[in-house]
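Visitor: I am sharing structure_25.txt, which consists of compact mmCIF, C-alpha atoms and all ligand atoms:
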```txt
# COMPACT_ATOMS: atom_id res chain seq x y z
CA MET G 273 -114.67 -35.79 -130.41
CA SER G 274 -112.29 -38.66 -130.37
CA GLY G 275 -113.54 -42.23 -130.67
CA PRO G 276 -112.71 -45.09 -128.40
CA ALA G 277 -108.99 -45.36 -127.70
CA GLU G 278 -107.18 -47.55 -130.18
CA PRO G 279 -105.40 -50.44 -128.50
CA LEU G 280 -101.67 -49.78 -128.41
CA PRO G 281 -99.84 -51.76 -131.08
CA THR G 282 -98.03 -54.63 -129.44
CA LEU G 283 -94.47 -55.30 -130.52
CA PRO G 284 -93.84 -58.88 -131.60
CA ARG G 285 -92.38 -60.60 -128.58
CA VAL G 286 -88.93 -61.97 -129.31
CA PRO G 287 -88.38 -65.05 -127.17
CA PRO G 288 -85.13 -65.17 -125.22
CA ALA G 289 -82.29 -67.07 -126.89
CA PHE G 290 -82.20 -69.20 -123.74
CA ALA G 291 -84.29 -69.20 -120.61
CA CYS G 292 -84.53 -71.58 -117.70
CA GLN G 293 -86.59 -71.50 -114.55
CA GLY G 294 -86.26 -73.52 -111.41
CA LEU G 295 -83.85 -75.85 -113.19
CA GLU G 296 -82.79 -78.80 -111.06
CA LYS G 297 -80.58 -81.77 -111.76
CA ARG G 298 -79.32 -84.60 -109.62
CA TYR G 299 -76.96 -87.32 -110.72
CA GLY G 300 -78.02 -90.09 -108.35
CA GLY G 301 -77.72 -88.50 -104.92
CA LYS G 302 -75.40 -85.75 -106.18
CA LEU G 303 -76.95 -82.32 -106.63
CA ALA G 304 -75.66 -80.57 -109.77
CA LEU G 305 -78.28 -77.82 -110.15
CA GLY G 306 -80.50 -76.73 -107.29
CA GLY G 307 -83.04 -74.42 -108.95
CA VAL G 308 -81.47 -72.11 -111.53
CA ASP G 309 -83.20 -69.19 -113.26
CA LEU G 310 -81.32 -67.62 -116.16
CA ARG G 311 -82.27 -65.66 -119.25
CA VAL G 312 -80.08 -64.90 -122.25
CA GLU G 313 -81.42 -62.38 -124.75
CA PRO G 314 -80.64 -62.53 -128.47
CA GLY G 315 -77.24 -60.96 -129.11
CA GLU G 316 -76.27 -61.16 -125.45
CA LEU G 317 -72.95 -62.59 -124.36
CA ILE G 318 -73.18 -64.21 -120.95
CA GLY G 319 -70.33 -65.66 -118.96
CA LEU G 320 -71.14 -68.59 -116.70
CA LEU G 321 -68.57 -68.73 -113.93
CA GLY G 322 -68.07 -70.87 -110.89
CA PRO G 323 -65.74 -73.35 -109.25
CA ASN G 324 -65.17 -76.89 -110.49
CA GLY G 325 -68.33 -78.92 -110.02
CA ALA G 326 -70.61 -75.86 -109.67
CA GLY G 327 -72.94 -77.10 -112.42
CA LYS G 328 -71.87 -74.99 -115.44
CA SER G 329 -71.45 -77.88 -117.87
CA THR G 330 -74.63 -79.51 -116.61
CA LEU G 331 -76.59 -76.35 -117.37
CA THR G 332 -75.03 -76.16 -120.84
CA LYS G 333 -75.81 -79.82 -121.52
CA ILE G 334 -79.43 -79.30 -120.51
CA ALA G 335 -79.62 -76.36 -122.93
CA CYS G 336 -78.31 -78.72 -125.65
CA GLY G 337 -80.72 -81.47 -124.77
CA LEU G 338 -77.89 -83.84 -123.84
CA VAL G 339 -78.95 -84.01 -120.19
CA ARG G 340 -82.52 -84.07 -118.94
CA ALA G 341 -83.43 -81.80 -116.04
CA GLY G 342 -85.06 -83.31 -112.95
CA ALA G 343 -87.34 -80.30 -112.50
CA GLY G 344 -87.93 -76.85 -113.95
CA SER G 345 -88.03 -75.66 -117.53
CA ALA G 346 -85.43 -74.79 -120.15
CA GLU G 347 -86.18 -73.20 -123.51
CA VAL G 348 -84.11 -72.21 -126.53
CA GLY G 349 -85.71 -69.49 -128.63
CA GLY G 350 -89.06 -70.36 -127.05
CA ALA G 351 -88.82 -74.09 -127.87
CA PRO G 352 -88.26 -76.74 -125.18
CA ALA G 353 -84.54 -77.57 -124.84
CA GLY G 354 -83.80 -80.84 -126.62
CA SER G 355 -86.63 -80.46 -129.16
CA ALA G 356 -85.73 -80.52 -132.86
CA GLU G 357 -86.47 -76.80 -133.11
CA ALA G 358 -84.24 -76.00 -130.13
CA ARG G 359 -81.42 -78.21 -131.40
CA ALA G 360 -81.55 -76.52 -134.81
CA ALA G 361 -80.98 -73.15 -133.10
CA ILE G 362 -77.86 -74.06 -131.12
CA GLY G 363 -74.17 -74.47 -131.76
CA TYR G 364 -72.20 -76.35 -129.12
CA LEU G 365 -68.58 -76.85 -128.24
CA ALA G 366 -68.26 -79.41 -125.46
CA GLU G 367 -65.74 -79.02 -122.67
CA LEU G 368 -63.99 -82.35 -123.29
CA PHE G 369 -64.39 -82.76 -127.02
CA ARG G 370 -62.37 -85.10 -129.19
CA PHE G 371 -62.55 -84.99 -132.97
CA PRO G 372 -61.43 -87.88 -135.20
CA ASP G 373 -57.65 -87.55 -135.67
CA TRP G 374 -57.76 -88.54 -139.32
CA LEU G 375 -60.13 -85.82 -140.58
CA THR G 376 -58.81 -82.57 -141.99
CA ALA G 377 -60.26 -79.27 -140.73
CA ASP G 378 -62.33 -78.98 -143.89
CA GLU G 379 -63.61 -82.56 -143.60
CA LEU G 380 -64.50 -82.08 -139.95
CA VAL G 381 -66.56 -78.98 -140.70
CA ARG G 382 -68.15 -80.83 -143.63
CA LEU G 383 -69.11 -83.70 -141.31
CA HIS G 384 -70.81 -81.20 -139.02
CA GLN G 385 -72.57 -79.61 -141.98
CA ARG G 386 -74.03 -83.04 -142.74
CA LEU G 387 -75.01 -83.59 -139.09
CA ALA G 388 -76.61 -80.13 -138.87
CA GLU G 389 -78.13 -80.46 -142.36
CA SER G 390 -76.50 -77.19 -143.39
CA ASP G 391 -76.45 -76.49 -147.12
CA GLY G 392 -73.74 -73.83 -146.72
CA GLY G 393 -71.29 -75.90 -148.77
CA ALA G 394 -67.65 -74.95 -149.41
CA LYS G 395 -68.39 -71.25 -148.94
CA GLU G 396 -69.61 -71.75 -145.36
CA ARG G 397 -66.63 -73.99 -144.56
CA ALA G 398 -64.12 -71.46 -145.88
CA GLU G 399 -65.87 -68.62 -144.04
CA LEU G 400 -65.94 -70.47 -140.72
CA LEU G 401 -62.31 -71.60 -140.91
CA SER G 402 -61.33 -68.04 -141.70
CA LEU G 403 -63.42 -66.66 -138.81
CA VAL G 404 -61.38 -68.73 -136.35
CA GLY G 405 -58.06 -68.01 -138.06
CA LEU G 406 -57.65 -71.48 -139.61
CA GLU G 407 -57.92 -70.41 -143.24
CA ASP G 408 -54.50 -71.86 -143.99
CA ALA G 409 -55.20 -75.12 -142.15
CA ALA G 410 -58.15 -76.47 -144.15
CA ASP G 411 -56.09 -79.52 -145.21
CA VAL G 412 -54.37 -80.13 -141.87
CA ARG G 413 -55.51 -83.25 -140.05
CA VAL G 414 -56.88 -82.96 -136.51
CA GLY G 415 -54.15 -85.33 -135.30
CA ALA G 416 -51.51 -82.88 -136.52
CA MET G 417 -53.10 -79.86 -134.85
CA SER G 418 -52.10 -78.26 -131.58
CA LYS G 419 -54.77 -78.22 -128.83
CA GLY G 420 -55.41 -74.52 -129.49
CA MET G 421 -55.98 -75.16 -133.21
CA GLN G 422 -58.39 -77.97 -132.31
CA GLN G 423 -60.24 -75.65 -129.98
CA ARG G 424 -60.60 -73.06 -132.74
CA LEU G 425 -61.80 -75.80 -135.08
CA GLY G 426 -64.30 -76.72 -132.38
CA ILE G 427 -65.65 -73.17 -132.42
CA ALA G 428 -65.88 -73.29 -136.23
CA GLN G 429 -67.95 -76.50 -136.14
CA ALA G 430 -70.22 -74.96 -133.48
CA LEU G 431 -71.01 -72.14 -135.91
CA VAL G 432 -72.14 -74.43 -138.73
CA GLY G 433 -75.68 -73.56 -139.82
CA ALA G 434 -75.60 -70.04 -138.26
CA PRO G 435 -76.97 -70.89 -134.79
CA SER G 436 -78.79 -68.21 -132.83
CA LEU G 437 -77.45 -69.56 -129.51
CA LEU G 438 -73.85 -70.59 -129.12
CA LEU G 439 -72.95 -72.74 -126.11
CA LEU G 440 -69.22 -72.72 -125.51
CA ASP G 441 -67.92 -74.79 -122.62
CA GLU G 442 -64.43 -73.45 -121.84
CA PRO G 443 -63.55 -72.67 -125.45
CA THR G 444 -60.34 -70.76 -124.78
CA SER G 445 -58.65 -72.87 -122.11
CA ALA G 446 -55.92 -74.03 -124.53
CA LEU G 447 -55.54 -70.86 -126.55
CA ASP G 448 -52.47 -68.63 -126.57
CA PRO G 449 -52.98 -64.87 -126.10
CA ILE G 450 -53.34 -64.27 -129.84
CA GLY G 451 -55.84 -67.12 -130.18
CA ARG G 452 -57.83 -65.68 -127.28
CA ARG G 453 -57.95 -62.34 -128.96
CA VAL G 454 -59.16 -63.99 -132.19
CA VAL G 455 -61.96 -65.63 -130.21
CA ARG G 456 -62.79 -62.41 -128.34
CA ASP G 457 -63.11 -60.51 -131.62
CA LEU G 458 -65.17 -63.36 -133.04
CA LEU G 459 -67.55 -63.29 -130.09
CA ARG G 460 -68.03 -59.54 -130.49
CA GLU G 461 -68.68 -60.01 -134.20
CA LEU G 462 -71.27 -62.71 -133.43
CA ARG G 463 -72.96 -60.45 -130.91
CA SER G 464 -73.26 -57.73 -133.55
CA ARG G 465 -75.00 -60.31 -135.75
CA GLY G 466 -77.51 -61.01 -132.97
CA VAL G 467 -76.08 -64.38 -131.89
CA ALA G 468 -76.45 -65.09 -128.17
CA VAL G 469 -73.53 -66.76 -126.42
CA LEU G 470 -73.38 -68.68 -123.17
CA LEU G 471 -69.71 -68.96 -122.33
CA ASN G 472 -68.42 -71.20 -119.55
CA SER G 473 -65.00 -70.13 -118.44
CA HIS G 474 -62.51 -69.95 -115.61
CA LEU G 475 -60.60 -67.17 -117.37
CA LEU G 476 -62.11 -64.26 -115.49
CA SER G 477 -60.07 -61.53 -117.16
CA GLU G 478 -61.25 -62.84 -120.57
CA VAL G 479 -64.84 -62.93 -119.44
CA GLU G 480 -64.57 -59.43 -117.99
CA LEU G 481 -63.33 -58.11 -121.33
CA VAL G 482 -66.01 -59.61 -123.50
CA CYS G 483 -69.20 -60.51 -121.59
CA ASP G 484 -72.26 -58.27 -121.24
CA ARG G 485 -73.32 -60.11 -118.13
CA VAL G 486 -71.98 -62.84 -115.90
CA ALA G 487 -73.68 -65.36 -113.66
CA ILE G 488 -71.68 -67.02 -110.91
CA LEU G 489 -72.77 -70.54 -110.03
CA SER G 490 -71.82 -72.21 -106.79
CA ALA G 491 -72.97 -75.67 -105.77
CA GLY G 492 -75.78 -75.58 -108.31
CA LEU G 493 -77.13 -72.12 -107.48
CA ILE G 494 -76.59 -68.69 -109.02
CA VAL G 495 -74.99 -66.66 -106.25
CA ALA G 496 -74.29 -63.45 -108.20
CA GLU G 497 -75.38 -62.03 -111.51
CA GLY G 498 -74.88 -58.77 -113.37
CA ALA G 499 -72.73 -56.80 -115.77
CA PRO G 500 -69.03 -57.13 -114.88
CA SER G 501 -69.03 -53.42 -114.01
CA ASP G 502 -71.92 -54.01 -111.57
CA LEU G 503 -69.96 -56.67 -109.74
CA THR G 504 -66.74 -54.69 -109.46
CA ARG G 505 -66.35 -51.52 -107.40
CA PRO G 506 -64.09 -48.46 -107.16
CA ARG G 507 -60.92 -48.85 -105.12
CA GLY G 508 -59.65 -45.30 -105.00
CA LEU G 509 -56.89 -43.36 -106.67
CA GLU G 510 -53.14 -43.60 -107.14
CA VAL G 511 -51.02 -40.60 -108.08
CA GLU G 512 -47.46 -41.26 -109.18
CA THR G 513 -44.93 -38.55 -108.36
CA GLU G 514 -41.13 -38.31 -108.44
CA THR G 515 -41.02 -39.48 -104.83
CA GLY G 516 -43.30 -42.49 -105.27
CA VAL G 517 -46.97 -43.45 -105.53
CA ARG G 518 -49.48 -41.67 -103.27
CA SER G 519 -52.65 -43.66 -102.56
CA TYR G 520 -56.13 -42.27 -101.91
CA PRO G 521 -58.18 -45.43 -101.28
CA ASP G 522 -61.49 -43.63 -100.64
CA ALA G 523 -61.25 -41.07 -103.44
CA THR G 524 -64.01 -40.95 -106.03
CA ARG G 525 -63.67 -39.97 -109.69
CA GLU G 526 -65.21 -36.55 -108.91
CA GLU G 527 -62.41 -35.77 -106.45
CA VAL G 528 -59.58 -36.50 -108.90
CA PRO G 529 -59.03 -32.93 -110.27
CA GLU G 530 -58.88 -31.45 -106.77
CA ILE G 531 -56.49 -34.11 -105.47
CA VAL G 532 -54.18 -33.80 -108.48
CA ALA G 533 -54.25 -30.00 -108.22
CA GLY G 534 -53.32 -30.33 -104.55
CA VAL G 535 -50.37 -32.61 -105.34
CA VAL G 536 -49.13 -30.26 -108.08
CA GLY G 537 -49.72 -27.26 -105.76
CA SER G 538 -47.45 -28.87 -103.17
CA GLY G 539 -44.63 -28.67 -105.70
CA ALA G 540 -44.59 -32.34 -106.76
CA SER G 541 -44.43 -33.48 -110.39
CA VAL G 542 -47.21 -35.86 -111.44
CA TYR G 543 -46.19 -38.72 -113.77
CA GLY G 544 -49.38 -40.78 -113.66
CA VAL G 545 -52.94 -40.78 -112.29
CA ARG G 546 -54.81 -44.08 -111.95
CA LEU G 547 -58.41 -44.62 -110.85
CA LEU G 548 -58.56 -48.17 -109.48
CA GLU G 549 -61.42 -50.66 -109.85
CA SER G 550 -61.67 -54.09 -108.33
CA THR G 551 -61.52 -56.82 -110.97
CA LEU G 552 -64.08 -59.48 -111.74
CA GLU G 553 -61.67 -61.88 -110.08
CA ASP G 554 -61.87 -59.85 -106.84
CA ALA G 555 -65.68 -59.92 -107.05
CA TYR G 556 -65.65 -63.65 -107.75
CA LEU G 557 -63.40 -64.40 -104.78
CA GLU G 558 -65.48 -62.15 -102.55
CA VAL G 559 -68.76 -63.85 -103.55
CA LEU G 560 -67.29 -67.31 -103.10
CA GLY G 561 -65.51 -66.41 -99.90
CA GLY G 562 -62.05 -67.17 -101.34
N1 LIG Q 1 -72.54 -87.76 -115.61
C1 LIG Q 1 -72.42 -87.48 -114.32
N2 LIG Q 1 -72.62 -88.42 -113.39
C2 LIG Q 1 -72.53 -88.14 -112.06
N3 LIG Q 1 -72.22 -86.92 -111.58
C3 LIG Q 1 -72.00 -85.95 -112.46
C4 LIG Q 1 -72.07 -86.16 -113.89
N4 LIG Q 1 -71.81 -85.00 -114.51
C5 LIG Q 1 -71.57 -84.09 -113.55
N5 LIG Q 1 -71.67 -84.65 -112.32
C6 LIG Q 1 -71.52 -83.95 -111.04
O1 LIG Q 1 -72.37 -82.81 -111.07
C7 LIG Q 1 -71.74 -81.68 -110.49
C8 LIG Q 1 -71.68 -80.56 -111.49
O2 LIG Q 1 -70.79 -80.91 -112.54
P1 LIG Q 1 -70.51 -80.00 -113.80
O3 LIG Q 1 -69.69 -80.79 -114.74
O4 LIG Q 1 -71.79 -79.43 -114.28
O5 LIG Q 1 -69.64 -78.83 -113.14
P2 LIG Q 1 -68.82 -77.63 -113.83
O6 LIG Q 1 -69.28 -76.38 -113.15
O7 LIG Q 1 -68.93 -77.71 -115.29
O8 LIG Q 1 -67.33 -77.94 -113.36
P3 LIG Q 1 -65.92 -77.70 -114.12
O9 LIG Q 1 -65.56 -76.26 -113.85
O10 LIG Q 1 -64.99 -78.62 -113.42
O11 LIG Q 1 -66.09 -78.01 -115.57
C9 LIG Q 1 -70.37 -82.18 -110.02
O12 LIG Q 1 -70.49 -82.52 -108.65
C10 LIG Q 1 -70.12 -83.39 -110.85
O13 LIG Q 1 -69.30 -84.32 -110.17
MG MG Q 2 -67.58 -77.93 -116.79
```
Represent the supplied structure as structure tokens.
Guide:
Amino acid sequence: MSGPAEPLPTLPRVPPAFACQGLEKRYGGKLALGGVDLRVEPGELIGLLGPNGAGKSTLTKIACGLVRAGAGSAEVGGAPAGSAEARAAIGYLAELFRFPDWLTADELVRLHQRLAESDGGAKERAELLSLVGLEDAADVRVGAMSKGMQQRLGIAQALVGAPSLLLLDEPTSALDPIGRRVVRDLLRELRSRGVAVLLNSHLLSEVELVCDRVAILSAGLIVAEGAPSDLTRPRGLEVETETGVRSYPDATREEVPEIVAGVVGSGASVYGVRLLESTLEDAYLEVLGG
């Protein structure tokens, strides 16, 4: 006979890297956030999208503790946003940052090590500069750097002290395509280390490539949320033949072999077959009525 059922072992609950509920903010009479709920799990990369003035930077600043919410709650790793514990867990690159012109890259990161009380020393500085592709620029002064180099330096300083939540407010706006790829690879690497990232961006194709989930803010409210693939949808099939491209706008993936066989059966030569998907930009414009 079996005894009384053992209680099921409960897994330790890992608090979300960031969570807010009913978050509201007004600047005077101006509504910036009108009740936002958002959750970012450890190791999750979330893109925060939305038109100018939608409230993205305000939400990020509340997560940092730089702006106080009017109502609702915001927590970082289970601690109230703005508390010492929450601040110790974040790395932040502001949208409109300006570093002292006279500091070298190495000195700037060292300054942030002091501010963040990181004891990582020269090893951490070298690692971070290398992560953002500035390993050869340790002695270059900020004033002599291009905007893209400064932005990469900004990401390096945000990573001082190994934060578990990285808040990046438009970190790639000044980067060239190679710099963007460096940052994309870096974000993927951080995700594999369990770092959560909240990324504000207007570069939808970038966000689509790298984010696990996106939230679209409009006038202080989240109007759409999901994986990029959930927000996009199929847009049919194109078959390229010697006489031009034949379109099948309603075709599904399952119908592709039959359609291609039909084209070949009609005597045409097939040079390319493309299944089309709407982009995140299409979804964004649709949601915002653009
Ligand atoms: N310090 C402030 N004082 C007054 N109003 C502010 C302040 N900061 C932001 N706002 C207003 O709050 C709203 C949200 O601004 P926020 O900067 O969060 O938008 P955003 O989504 O980051 O926009 P952008 O894409 O242009 O960076 C805007 O209407 C803005 O004018
Ligand atoms: Mg902003």
Visitor: Could you report the residues within 7 Å of ligand MG 2 (chain Q), using only C-alpha atoms and all ligand atoms, as a PyMOL selection string?
Guide: chain G and resi 324-325+327-329+367+441
Visitor: Take the residues from that selection and write them out as a PDB file, in the coordinates of the input, keeping C-alpha atoms.
Guide:
```pdb
ATOM      1  CA  ASN G 324     -65.170 -76.890-110.490  1.00  0.00           C
ATOM      2  CA  GLY G 325     -68.330 -78.920-110.020  1.00  0.00           C
ATOM      3  CA  GLY G 327     -72.940 -77.100-112.420  1.00  0.00           C
ATOM      4  CA  LYS G 328     -71.870 -74.990-115.440  1.00  0.00           C
ATOM      5  CA  SER G 329     -71.450 -77.880-117.870  1.00  0.00           C
ATOM      6  CA  GLU G 367     -65.740 -79.020-122.670  1.00  0.00           C
ATOM      7  CA  ASP G 441     -67.920 -74.790-122.620  1.00  0.00           C
TER       8      ASP G 441
END
```
Visitor: Find the residues near Val535 of chain G: any atom within 12 Å, counting only C-alpha atoms, skip ones fewer than 3 places away on the same chain, and give them as a ChimeraX atom specification.
Guide: /G:510-515,517-520,528-532,538-545
Visitor: Find the distance between atom CA of Val308 of chain G and atom CA of Gly492 of chain G and write it in Å to one decimal.
Guide: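 The value is 7.4 Å.
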Visitor: Please, which residues have at least one atom within 10 Å of an atom of ligand LIG 1 (chain Q), using only C-alpha atoms and all ligand atoms, listed as a ChimeraX atom specification?
Guide: /G:297-305,320-334,339,367-368,441-442,472-474,488-492
Visitor: Let me make sure I understand: among G:Ser345, G:Ser390, G:Thr282, G:Gln423, which one has the smallest atom-to-atom distance to Thr444 of chain G if we use all atoms listed in the file?
Guide: G:Gln423
Visitor: Have a look at G:Met421, G:Ile494, G:Leu557, G:Ala499 and name the one nearest to Val479 of chain G; count all atoms listed in the file.
Guide: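 Closest candidate: G:Ala499.
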Visitor: Name the closest residue to Ala394 of chain G among the candidates G:Val432, G:Glu480, G:Gly426, G:Gly344; distances are taken between atoms, counting all atoms listed in the file.
Guide: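 Ranked by minimum distance to Ala394 of chain G, first place goes to G:Val432.
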Visitor: What is the atom CA of Gln293 of chain G to atom CA of Asp309 of chain G distance in Å?
Guide: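 Atom CA of Asp309 of chain G lies at a distance of 4.3 Å from atom CA of Gln293 of chain G.
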Visitor: Quick one, how far is atom CA of Leu403 of chain G from atom CA of Ile318 of chain G?
Guide: 20.5 Å
Visitor: With only C-alpha atoms as the atoms that count, which of G:Arg546, G:Arg453, G:Arg485, G:Arg285 lies nearest to Glu316 of chain G?
Guide: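 Closest residue, counting only C-alpha atoms: G:Arg485.
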Visitor: Just want the 10 Å neighbourhood of Arg507 of chain G, counted on all atoms listed in the file, with same-chain residues fewer than 4 positions away dropped. Output as a short mmCIF file (atom, residue, chain, number, x, y, z; two decimals) with C-alpha atoms, in the coordinates of the input.
Guide:
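What ended up in part00.cif:
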```cif
data_model
loop_
_atom_site.label_atom_id
_atom_site.label_comp_id
_atom_site.auth_asym_id
_atom_site.auth_seq_id
_atom_site.Cartn_x
_atom_site.Cartn_y
_atom_site.Cartn_z
CA TYR G 520 -56.13 -42.27 -101.91
CA PRO G 521 -58.18 -45.43 -101.28
CA ASP G 522 -61.49 -43.63 -100.64
CA ALA G 523 -61.25 -41.07 -103.44
CA THR G 524 -64.01 -40.95 -106.03
CA LEU G 547 -58.41 -44.62 -110.85
CA LEU G 548 -58.56 -48.17 -109.48
CA GLU G 549 -61.42 -50.66 -109.85
CA SER G 550 -61.67 -54.09 -108.33
CA THR G 551 -61.52 -56.82 -110.97
#
```
Visitor: How big is the axis-aligned box around all listed atoms of segment 462-471 of chain G once 5 Å goes on each side, and where's its centre, in Å to one decimal, as lines of an AutoDock Vina configuration file?
Guide:
```
center_x = -73.6
center_y = -63.3
center_z = -129.0
size_x = 17.8
size_y = 21.2
size_z = 23.4
```
Visitor: Go through G:Val412, G:Gly508, G:Ala398, G:Gly319 one by one, measure the shortest atom-to-atom distance of each to Ala487 of chain G using all atoms listed in the file, and give the residue with the smallest value.
Guide: G:Gly319
Visitor: Within 12 Å of Glu461 of chain G, counting all atoms listed in the file, which residues qualify if same-chain residues fewer than 4 places away don't, as a list in words?
Guide: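 Using all atoms listed in the file, the neighbours found are Gly315, Glu316, Leu317, Leu403, Val404, Val454, Val455, Arg456, Asp457, Arg465, Gly466, Val467, Ala468, Val469 and Val482 of chain G.
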Visitor: Between G:Ala361, G:Val312, G:Leu383, G:Ala346, which has the minimum distance to Leu471 of chain G (counting only C-alpha atoms)?
Guide: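 Answer, going by the shortest atom-to-atom distance: G:Val312.
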